[in-house]
Amino acid sequence: MIRGKLMEQRATRKMTSWSWQCEIVPYAEEYIRDITTRKEHLIVRQSTTFKAEVESLHSRHIVDIESRGCTCKVWQLIGLPCIHAIAFIGMKEHPLWHTTFMNTSTCTGNSYI
């Protein structure tokens with residue numbers, strides 16, 4: 001009985017994930033949309049092509065796009081760019097390009113095989 005319910009649940013989730021139209025999973029897309037619309041005043045000082053210092057009113061963080069990291073550690077923790085990284089990436093590229101593979105709808109769909 002429990003096994004049958006789990007099989008049904010996995011099949012439903014797989015079909016749902018294949019129906020997503022976006023490149024990344026909905027929660028990741030919503031997170032990036034929310035973080036890009038915040039009205040925080042951040043000053044971005046780019047040092048190299050991949051590194052920048054992002055300063056807010058009370059803190060200062062170093063963002064490294066190449067290694068997908070920030071000194072606030074949010075990017076490394078959840079696999080999605082933090083607000084500091086979004087501020088830097090937003091200067092030149094699209095933030096969705098810097099999400100991890102595990103946040104893509106393809107990866108999520110394949111996990112239910």
# chains A, B, ... in the order shown; residues from 1 in each chain; ligands from 1
>>> residues_around(residues="A:Pro81", least_positions_apart="2", cutoff="12 Å", atoms="only C-alpha atoms", output="ChimeraX atom specification")
/A:28-29,31-36,63-65,67-79,83-90,94-100,103
>>> write_last_selection(atoms="C-alpha atoms", output="mmCIF file, in the first residue's frame")
data_model
loop_
_atom_site.group_PDB
_atom_site.id
_atom_site.type_symbol
_atom_site.label_atom_id
_atom_site.label_comp_id
_atom_site.auth_asym_id
_atom_site.auth_seq_id
_atom_site.Cartn_x
_atom_site.Cartn_y
_atom_site.Cartn_z
ATOM 1 C CA ALA A 28 14.587 28.911 -8.217
ATOM 2 C CA GLU A 29 12.980 31.114 -10.856
ATOM 3 C CA TYR A 31 13.831 33.268 -5.909
ATOM 4 C CA ILE A 32 15.814 35.001 -8.669
ATOM 5 C CA ARG A 33 12.823 37.134 -9.658
ATOM 6 C CA ASP A 34 12.324 38.216 -6.028
ATOM 7 C CA ILE A 35 15.979 38.972 -5.398
ATOM 8 C CA THR A 36 16.376 40.990 -8.603
ATOM 9 C CA VAL A 63 31.831 37.944 -5.348
ATOM 10 C CA ASP A 64 33.665 35.504 -7.620
ATOM 11 C CA ILE A 65 31.540 34.497 -10.609
ATOM 12 C CA SER A 67 33.992 29.887 -8.746
ATOM 13 C CA ARG A 68 30.322 30.758 -8.107
ATOM 14 C CA GLY A 69 30.956 32.085 -4.642
ATOM 15 C CA CYS A 70 30.429 35.045 -2.358
ATOM 16 C CA THR A 71 31.809 35.774 1.089
ATOM 17 C CA CYS A 72 28.238 35.757 2.462
ATOM 18 C CA LYS A 73 28.203 32.007 1.544
ATOM 19 C CA VAL A 74 24.552 32.016 0.398
ATOM 20 C CA TRP A 75 25.480 31.116 -3.196
ATOM 21 C CA GLN A 76 27.557 28.137 -2.061
ATOM 22 C CA LEU A 77 24.848 27.026 0.362
ATOM 23 C CA ILE A 78 21.757 27.037 -1.878
ATOM 24 C CA GLY A 79 23.302 26.912 -5.355
ATOM 25 C CA ILE A 83 21.848 39.381 -3.857
ATOM 26 C CA HIS A 84 25.497 40.494 -4.044
ATOM 27 C CA ALA A 85 26.202 38.168 -6.960
ATOM 28 C CA ILE A 86 22.987 39.244 -8.700
ATOM 29 C CA ALA A 87 24.068 42.884 -8.417
ATOM 30 C CA PHE A 88 27.396 42.059 -10.090
ATOM 31 C CA ILE A 89 26.008 39.626 -12.677
ATOM 32 C CA GLY A 90 23.170 42.008 -13.505
ATOM 33 C CA HIS A 94 21.528 37.115 -17.027
ATOM 34 C CA PRO A 95 21.442 35.644 -13.476
ATOM 35 C CA LEU A 96 19.844 32.360 -14.586
ATOM 36 C CA TRP A 97 23.098 31.411 -16.298
ATOM 37 C CA HIS A 98 24.749 31.125 -12.908
ATOM 38 C CA THR A 99 22.466 28.586 -11.241
ATOM 39 C CA THR A 100 23.688 25.084 -10.505
ATOM 40 C CA ASN A 103 18.227 23.621 -10.000
#
>>> select_by_dssp(residues="stretch 3-45 of chain A", states="strand (DSSP E or B)", output="ChimeraX atom specification")
/A:24,43-45
>>> atom_distance(atom1="atom CA of A:Ala11", atom2="atom CA of A:Val25")
17.2 Å
>>> atom_distance(atom1="atom CA of A:Ser17", atom2="atom CA of A:Leu80")
18.9 Å
>>> closest_residue(among="A:Met1, A:Ser19, A:Pro26, A:Met91", to="A:Ala52", atoms="only C-alpha atoms")
A:Met91
